[in-house]
$ cat protein.csv   # CSV, C-alpha atoms
chain,number,residue,atom,x,y,z
A,1,MET,CA,1.0,-23.7,3.6
A,2,ASN,CA,-2.5,-24.7,4.7
A,3,ASP,CA,-4.9,-22.7,2.6
A,4,ASP,CA,-8.0,-24.2,4.1
A,5,LEU,CA,-9.8,-21.1,5.5
A,6,ARG,CA,-13.1,-22.7,6.7
A,7,ALA,CA,-14.7,-20.8,9.5
A,8,SER,CA,-14.3,-22.3,13.0
A,9,ASN,CA,-17.6,-23.8,14.3
A,10,ALA,CA,-16.7,-22.3,17.7
A,11,THR,CA,-17.1,-18.8,16.3
A,12,THR,CA,-19.8,-19.1,13.7
A,13,PRO,CA,-23.1,-21.0,13.4
A,14,GLY,CA,-21.8,-22.7,10.2
A,15,LYS,CA,-24.5,-21.3,7.9
A,16,PRO,CA,-23.8,-22.4,4.3
A,17,ILE,CA,-22.2,-19.8,2.0
A,18,GLN,CA,-24.8,-18.4,-0.4
A,19,ILE,CA,-23.4,-18.8,-3.9
A,20,ARG,CA,-25.2,-16.9,-6.7
A,21,TRP,CA,-24.7,-16.8,-10.5
A,22,PHE,CA,-25.9,-13.5,-12.0
A,23,GLY,CA,-24.9,-13.8,-15.6
A,24,ARG,CA,-23.8,-10.5,-17.2
A,25,VAL,CA,-23.9,-7.5,-14.9
A,26,GLY,CA,-22.8,-3.9,-15.2
A,27,TYR,CA,-19.8,-3.0,-12.9
A,28,GLU,CA,-21.5,-0.3,-11.0
A,29,GLN,CA,-24.5,-2.5,-10.3
A,30,ALA,CA,-22.3,-5.3,-8.9
A,31,LEU,CA,-20.3,-2.8,-6.8
A,32,GLN,CA,-23.5,-1.5,-5.3
A,33,LEU,CA,-24.6,-5.0,-4.4
A,34,GLN,CA,-21.3,-5.7,-2.8
A,35,GLU,CA,-21.5,-2.5,-0.7
A,36,GLU,CA,-25.0,-3.4,0.5
A,37,LEU,CA,-24.0,-6.9,1.5
A,38,VAL,CA,-20.9,-5.7,3.3
A,39,ALA,CA,-22.9,-3.0,5.1
A,40,GLY,CA,-25.3,-5.7,6.3
A,41,ARG,CA,-22.5,-7.7,7.7
A,42,ILE,CA,-21.0,-4.7,9.5
A,43,ASP,CA,-24.2,-3.5,11.1
A,44,GLY,CA,-25.3,-7.0,12.1
A,45,SER,CA,-28.4,-7.1,10.0
A,46,SER,CA,-27.0,-10.1,8.1
A,47,ASP,CA,-24.8,-13.1,9.1
A,48,GLN,CA,-24.7,-14.5,5.6
A,49,ASP,CA,-21.4,-15.2,3.8
A,50,ALA,CA,-21.8,-15.0,0.0
A,51,LEU,CA,-20.0,-15.5,-3.3
A,52,LEU,CA,-21.3,-13.5,-6.2
A,53,LEU,CA,-20.4,-15.0,-9.6
A,54,LEU,CA,-20.9,-13.1,-12.8
A,55,GLU,CA,-19.6,-11.5,-16.1
A,56,HIS,CA,-19.1,-7.8,-16.5
A,57,ASP,CA,-19.8,-5.4,-19.4
A,58,PRO,CA,-16.4,-4.2,-20.6
A,59,VAL,CA,-14.7,-2.0,-18.0
A,60,TYR,CA,-11.2,-1.2,-16.6
A,61,THR,CA,-10.6,-0.9,-12.9
A,62,ILE,CA,-7.7,0.3,-10.8
A,63,GLY,CA,-7.1,0.2,-7.0
A,64,ARG,CA,-6.2,2.8,-4.5
A,65,THR,CA,-2.7,3.8,-5.6
A,66,PRO,CA,-1.1,7.1,-6.6
A,67,ASP,CA,0.9,5.2,-9.2
A,68,GLN,CA,-1.5,4.8,-12.2
A,69,SER,CA,1.2,4.1,-14.8
A,70,SER,CA,-0.4,0.7,-15.5
A,71,LEU,CA,-3.2,2.6,-17.3
A,72,ARG,CA,-0.6,3.8,-19.9
A,73,LYS,CA,-2.9,6.4,-21.7
A,74,PRO,CA,-6.2,6.6,-19.7
A,75,GLU,CA,-7.7,9.0,-22.3
A,76,GLU,CA,-7.3,6.3,-25.0
A,77,LEU,CA,-8.9,3.4,-23.2
A,78,PRO,CA,-11.7,1.9,-25.3
A,79,TYR,CA,-14.0,1.2,-22.3
A,80,PRO,CA,-14.9,3.1,-19.1
A,81,LEU,CA,-12.5,3.3,-16.2
A,82,VAL,CA,-13.5,2.9,-12.5
A,83,GLN,CA,-11.3,3.6,-9.5
A,84,ILE,CA,-12.2,1.3,-6.6
A,85,SER,CA,-11.2,0.4,-3.0
A,86,ARG,CA,-9.3,-2.9,-3.7
A,87,GLY,CA,-5.6,-3.0,-3.8
A,88,GLY,CA,-3.6,-3.3,-7.0
A,89,GLN,CA,-3.0,-1.9,-10.4
A,90,ALA,CA,-5.2,-1.8,-13.5
A,91,THR,CA,-7.1,-4.7,-14.9
A,92,TYR,CA,-9.8,-5.4,-17.4
A,93,HIS,CA,-13.2,-7.1,-16.9
A,94,GLY,CA,-15.5,-8.1,-19.8
A,95,PRO,CA,-17.5,-10.9,-21.4
A,96,GLY,CA,-15.9,-14.3,-21.3
A,97,GLN,CA,-14.4,-13.7,-17.9
A,98,LEU,CA,-15.7,-15.2,-14.7
A,99,VAL,CA,-15.7,-12.6,-11.9
A,100,GLY,CA,-16.1,-13.7,-8.3
A,101,TYR,CA,-16.9,-11.4,-5.4
A,102,PRO,CA,-16.7,-13.2,-2.0
A,103,ILE,CA,-18.4,-11.4,0.9
A,104,LEU,CA,-16.8,-13.3,3.8
A,105,ASP,CA,-16.3,-12.6,7.4
A,106,LEU,CA,-12.6,-13.2,7.8
A,107,ARG,CA,-12.6,-12.9,11.6
A,108,PRO,CA,-13.3,-16.6,12.2
A,109,ARG,CA,-11.0,-17.4,9.3
A,110,GLY,CA,-7.8,-16.1,10.9
A,111,GLN,CA,-7.9,-12.4,9.9
A,112,ASP,CA,-4.9,-13.0,7.5
A,113,LEU,CA,-5.1,-11.3,4.1
A,114,HIS,CA,-2.1,-13.2,2.8
A,115,ARG,CA,-3.6,-16.6,3.6
A,116,TYR,CA,-7.0,-15.4,2.2
A,117,MET,CA,-5.5,-14.5,-1.2
A,118,ARG,CA,-3.5,-17.7,-1.3
A,119,ALA,CA,-6.7,-19.6,-0.6
A,120,LEU,CA,-8.4,-17.8,-3.5
A,121,GLU,CA,-5.6,-18.7,-5.8
A,122,GLU,CA,-5.8,-22.4,-4.7
A,123,THR,CA,-9.5,-22.4,-5.4
A,124,LEU,CA,-8.9,-21.2,-8.9
A,125,ILE,CA,-6.0,-23.6,-9.4
A,126,GLU,CA,-8.4,-26.5,-8.4
A,127,THR,CA,-11.0,-25.2,-10.8
A,128,LEU,CA,-8.5,-25.1,-13.7
A,129,HIS,CA,-7.2,-28.6,-12.8
A,130,SER,CA,-10.8,-29.9,-13.1
A,131,PHE,CA,-10.7,-28.7,-16.7
A,132,GLU,CA,-7.2,-30.4,-17.2
A,133,ILE,CA,-5.4,-27.0,-17.2
A,134,ALA,CA,-2.2,-26.8,-15.1
A,135,GLY,CA,-2.7,-23.6,-13.1
A,136,ILE,CA,0.1,-22.5,-10.9
A,137,ARG,CA,1.3,-19.8,-8.6
A,138,ARG,CA,4.4,-17.7,-9.3
A,139,GLU,CA,6.7,-16.7,-6.5
A,140,GLY,CA,6.1,-13.0,-5.5
A,141,LEU,CA,3.2,-12.5,-7.8
A,142,THR,CA,-0.5,-12.5,-7.0
A,143,GLY,CA,-2.8,-14.4,-9.3
A,144,VAL,CA,-2.8,-17.7,-11.2
A,145,TRP,CA,-0.7,-18.6,-14.2
A,146,VAL,CA,-0.3,-21.3,-16.8
A,147,GLY,CA,3.4,-21.4,-17.4
A,148,ALA,CA,4.4,-17.8,-17.9
A,149,ARG,CA,1.0,-16.7,-19.0
A,150,LYS,CA,-1.5,-15.1,-16.6
A,151,ILE,CA,-5.0,-16.6,-16.5
A,152,ALA,CA,-6.5,-15.1,-13.3
A,153,SER,CA,-6.2,-11.9,-11.3
A,154,ILE,CA,-7.0,-11.3,-7.7
A,155,GLY,CA,-7.6,-7.9,-6.0
A,156,VAL,CA,-9.4,-7.8,-2.6
A,157,GLY,CA,-10.6,-5.2,-0.2
A,158,VAL,CA,-11.5,-5.6,3.5
A,159,ARG,CA,-13.8,-3.5,5.6
A,160,ARG,CA,-13.9,-4.4,9.3
A,161,TRP,CA,-12.6,-7.9,8.2
A,162,ILE,CA,-15.5,-8.3,5.8
A,163,SER,CA,-14.1,-9.1,2.3
A,164,LEU,CA,-15.2,-7.5,-1.0
A,165,HIS,CA,-13.9,-7.4,-4.5
A,166,GLY,CA,-12.2,-10.7,-5.4
A,167,PHE,CA,-11.0,-12.6,-8.5
A,168,ALA,CA,-11.3,-12.7,-12.3
A,169,LEU,CA,-10.7,-15.9,-14.3
A,170,ASN,CA,-10.3,-15.6,-18.1
A,171,VAL,CA,-12.5,-18.3,-19.6
A,172,CYS,CA,-13.0,-17.4,-23.2
A,173,GLY,CA,-13.5,-14.3,-25.4
A,174,ASP,CA,-11.3,-11.4,-26.6
A,175,LEU,CA,-8.1,-10.7,-24.7
A,176,ALA,CA,-7.2,-7.6,-26.9
A,177,PRO,CA,-8.6,-5.1,-24.2
A,178,PHE,CA,-5.7,-6.1,-22.0
A,179,THR,CA,-3.2,-4.7,-24.5
A,180,HIS,CA,-4.3,-1.1,-23.6
A,181,ILE,CA,-3.0,-1.4,-20.1
A,182,THR,CA,-0.1,-3.1,-18.2
A,183,PRO,CA,-2.2,-5.8,-16.5
A,184,CYS,CA,-1.8,-5.7,-12.7
A,185,GLY,CA,1.3,-3.5,-13.3
A,186,ILE,CA,3.4,-6.4,-14.5
A,187,ALA,CA,5.5,-5.3,-17.5
A,188,GLY,CA,5.5,-7.8,-20.4
A,189,VAL,CA,2.9,-10.1,-19.0
A,190,GLU,CA,1.0,-12.3,-21.5
A,191,MET,CA,-2.6,-12.9,-20.8
A,192,THR,CA,-4.4,-16.2,-21.6
A,193,ASN,CA,-7.7,-17.9,-21.1
A,194,MET,CA,-9.1,-21.4,-20.5
A,195,GLU,CA,-10.2,-22.0,-24.1
A,196,ILE,CA,-6.7,-21.2,-25.4
A,197,GLU,CA,-5.0,-23.4,-22.9
A,198,SER,CA,-7.5,-26.3,-23.3
A,199,GLY,CA,-8.1,-26.1,-27.0
A,200,ARG,CA,-11.9,-26.5,-26.6
A,201,ASP,CA,-15.0,-24.4,-26.0
A,202,ILE,CA,-15.7,-23.6,-22.4
A,203,GLY,CA,-18.6,-21.6,-21.1
A,204,VAL,CA,-18.4,-19.1,-18.3
A,205,GLU,CA,-21.5,-20.4,-16.4
A,206,GLU,CA,-20.0,-23.9,-16.5
A,207,VAL,CA,-16.8,-22.7,-14.9
A,208,ALA,CA,-18.8,-20.6,-12.4
A,209,HIS,CA,-20.6,-23.7,-11.1
A,210,ARG,CA,-17.3,-25.6,-10.8
A,211,ALA,CA,-15.6,-22.7,-9.1
A,212,GLY,CA,-18.4,-22.4,-6.6
A,213,GLU,CA,-18.1,-26.0,-5.6
A,214,PHE,CA,-14.4,-25.6,-4.9
A,215,PHE,CA,-14.9,-22.3,-3.1
A,216,ARG,CA,-17.5,-23.9,-0.8
A,217,ALA,CA,-15.2,-26.8,0.0
A,218,ARG,CA,-12.4,-24.5,0.9
A,219,PHE,CA,-14.2,-21.7,2.8
A,220,GLU,CA,-17.3,-23.1,4.3
$ encode --input "protein.csv" --output "structure tokens"
Amino acid sequence: MNDDLRASNATTPGKPIQIRWFGRVGYEQALQLQEELVAGRIDGSSDQDALLLLEHDPVYTIGRTPDQSSLRKPEELPYPLVQISRGGQATYHGPGQLVGYPILDLRPRGQDLHRYMRALEETLIETLHSFEIAGIRREGLTGVWVGARKIASIGVGVRRWISLHGFALNVCGDLAPFTHITPCGIAGVEMTNMEIESGRDIGVEEVAHRAGEFFRARFE
């Protein structure tokens, strides 16, 4: 499958994607920024594609689904829970994890959510390979894996073909918060991060800059 989702020059002016590193940001603050950027694209006040890269304060999120069994015992979660407009089951965000929120117009990129998610996976796989980590896809499962261990999650939303939400790549830090949920609703899944898989110290900002380069090459 061709996962190159660069916009066609026939339908867009080819403005460079704005890629911004924010550092550590509260979840609600980042969600508000996404909403503002998406609204600007929809009402025509902005024609700027963007990728927001950041870390979150500890938080659990779950998508639009009546089945919330992946939360296990919501009243016992050690951090706040936010229900949001992406698809998918529960996940955790926190320090040591690179979160990316693409605000992209998908109309000139084929209007194909399946291809879009596969392109996000491929961007993360390329990022991992640049750190000599063998990231892969697994048939029928969304996200990126190292062997049988999950290293990155993807959950997207679309509003009038403008994307929001995005991906979370585990770089370093504590994985224990994942044990309070069934991550992405996958029973028995083992989570991992880049430091574990590489055996060396890796910083989130370093990975953010690398991921931004691969994202730009794939989507711009």
$ residues_around --input "protein.csv" --residues "Thr179 of chain A" --least-positions-apart "6" --cutoff "12 Å" --atoms "all atoms listed in the file" --output "JSON, numbers by chain"
{"A": [60, 70, 71, 72, 73, 76, 77, 78, 90, 91, 92, 187, 188, 189, 190, 191, 192]}
$ write_last_selection --input "protein.csv" --atoms "C-alpha atoms" --output "mmCIF file, in the frame of the given file"
data_model
loop_
_atom_site.group_PDB
_atom_site.id
_atom_site.type_symbol
_atom_site.label_atom_id
_atom_site.label_comp_id
_atom_site.auth_asym_id
_atom_site.auth_seq_id
_atom_site.Cartn_x
_atom_site.Cartn_y
_atom_site.Cartn_z
ATOM 1 C CA TYR A 60 -11.200 -1.200 -16.600
ATOM 2 C CA SER A 70 -0.400 0.700 -15.500
ATOM 3 C CA LEU A 71 -3.200 2.600 -17.300
ATOM 4 C CA ARG A 72 -0.600 3.800 -19.900
ATOM 5 C CA LYS A 73 -2.900 6.400 -21.700
ATOM 6 C CA GLU A 76 -7.300 6.300 -25.000
ATOM 7 C CA LEU A 77 -8.900 3.400 -23.200
ATOM 8 C CA PRO A 78 -11.700 1.900 -25.300
ATOM 9 C CA ALA A 90 -5.200 -1.800 -13.500
ATOM 10 C CA THR A 91 -7.100 -4.700 -14.900
ATOM 11 C CA TYR A 92 -9.800 -5.400 -17.400
ATOM 12 C CA ALA A 187 5.500 -5.300 -17.500
ATOM 13 C CA GLY A 188 5.500 -7.800 -20.400
ATOM 14 C CA VAL A 189 2.900 -10.100 -19.000
ATOM 15 C CA GLU A 190 1.000 -12.300 -21.500
ATOM 16 C CA MET A 191 -2.600 -12.900 -20.800
ATOM 17 C CA THR A 192 -4.400 -16.200 -21.600
#
$ closest_residue --input "protein.csv" --among "A:Ile62, A:Ala217, A:Val158, A:Leu169" --to "Gln89 of chain A" --atoms "all atoms listed in the file"
A:Ile62
$ closest_residue --input "protein.csv" --among "A:Gly88, A:Gln83, A:Glu122, A:Asp49" --to "Ala134 of chain A" --atoms "only C-alpha atoms"
A:Glu122
$ closest_residue --input "protein.csv" --among "A:Arg86, A:Arg64, A:Lys15, A:His56" --to "Ala168 of chain A" --atoms "all atoms listed in the file"
A:His56
$ closest_residue --input "protein.csv" --among "A:Met117, A:Gly96, A:Phe131, A:Ser69" --to "Ala211 of chain A" --atoms "all atoms listed in the file"
A:Phe131
$ atom_distance --input "protein.csv" --atom1 "atom CA of Leu104 of chain A" --atom2 "atom CA of Phe22 of chain A"
18.2 Å
$ atom_distance --input "protein.csv" --atom1 "atom CA of Val59 of chain A" --atom2 "atom CA of Ile133 of chain A"
26.7 Å
$ atom_distance --input "protein.csv" --atom1 "atom CA of Pro80 of chain A" --atom2 "atom CA of Asn170 of chain A"
19.3 Å
$ residues_near_point --input "protein.csv" --point "(-13.1, -15.7, -22.4)" --cutoff "8 Å" --atoms "all atoms listed in the file" --output "list in words"
Pro95, Gly96, Gln97, Asn170, Val171, Cys172, Gly173, Asp174, Leu175, Asn193, Met194, Glu195 and Val204 of chain A
$ residues_around --input "protein.csv" --residues "Ala30 of chain A" --least-positions-apart "5" --cutoff "12 Å" --atoms "only C-alpha atoms" --output "list in words"
Trp21, Phe22, Gly23, Arg24, Val25, Glu35, Glu36, Leu37, Leu51, Leu52, Leu53, Leu54, Glu55, His56, Asp57, Val99, Gly100, Tyr101, Pro102, Leu164, His165 and Gly166 of chain A
$ closest_residue --input "protein.csv" --among "A:Arg218, A:Arg160, A:Arg210, A:His93" --to "Pro183 of chain A" --atoms "all atoms listed in the file"
A:His93
$ closest_residue --input "protein.csv" --among "A:Glu121, A:Arg109, A:Ile19, A:Phe214" --to "Arg138 of chain A" --atoms "all atoms listed in the file"
A:Glu121
$ residues_around --input "protein.csv" --residues "Arg216 of chain A" --least-positions-apart "3" --cutoff "9 Å" --atoms "all atoms listed in the file" --output "PyMOL selection string"
chain A and resi 6+16-17+19+211-213+219-220
$ residues_around --input "protein.csv" --residues "Ala39 of chain A" --least-positions-apart "5" --cutoff "12 Å" --atoms "only C-alpha atoms" --output "ChimeraX atom specification"
/A:32-34,44-48,103,105,158-164
$ write_last_selection --input "protein.csv" --atoms "C-alpha atoms" --output "PDB file, in the coordinates of the input"
ATOM      1  CA  GLN A  32     -23.500  -1.500  -5.300  1.00  0.00           C
ATOM      2  CA  LEU A  33     -24.600  -5.000  -4.400  1.00  0.00           C
ATOM      3  CA  GLN A  34     -21.300  -5.700  -2.800  1.00  0.00           C
ATOM      4  CA  GLY A  44     -25.300  -7.000  12.100  1.00  0.00           C
ATOM      5  CA  SER A  45     -28.400  -7.100  10.000  1.00  0.00           C
ATOM      6  CA  SER A  46     -27.000 -10.100   8.100  1.00  0.00           C
ATOM      7  CA  ASP A  47     -24.800 -13.100   9.100  1.00  0.00           C
ATOM      8  CA  GLN A  48     -24.700 -14.500   5.600  1.00  0.00           C
ATOM      9  CA  ILE A 103     -18.400 -11.400   0.900  1.00  0.00           C
ATOM     10  CA  ASP A 105     -16.300 -12.600   7.400  1.00  0.00           C
ATOM     11  CA  VAL A 158     -11.500  -5.600   3.500  1.00  0.00           C
ATOM     12  CA  ARG A 159     -13.800  -3.500   5.600  1.00  0.00           C
ATOM     13  CA  ARG A 160     -13.900  -4.400   9.300  1.00  0.00           C
ATOM     14  CA  TRP A 161     -12.600  -7.900   8.200  1.00  0.00           C
ATOM     15  CA  ILE A 162     -15.500  -8.300   5.800  1.00  0.00           C
ATOM     16  CA  SER A 163     -14.100  -9.100   2.300  1.00  0.00           C
ATOM     17  CA  LEU A 164     -15.200  -7.500  -1.000  1.00  0.00           C
TER      18      LEU A 164
END
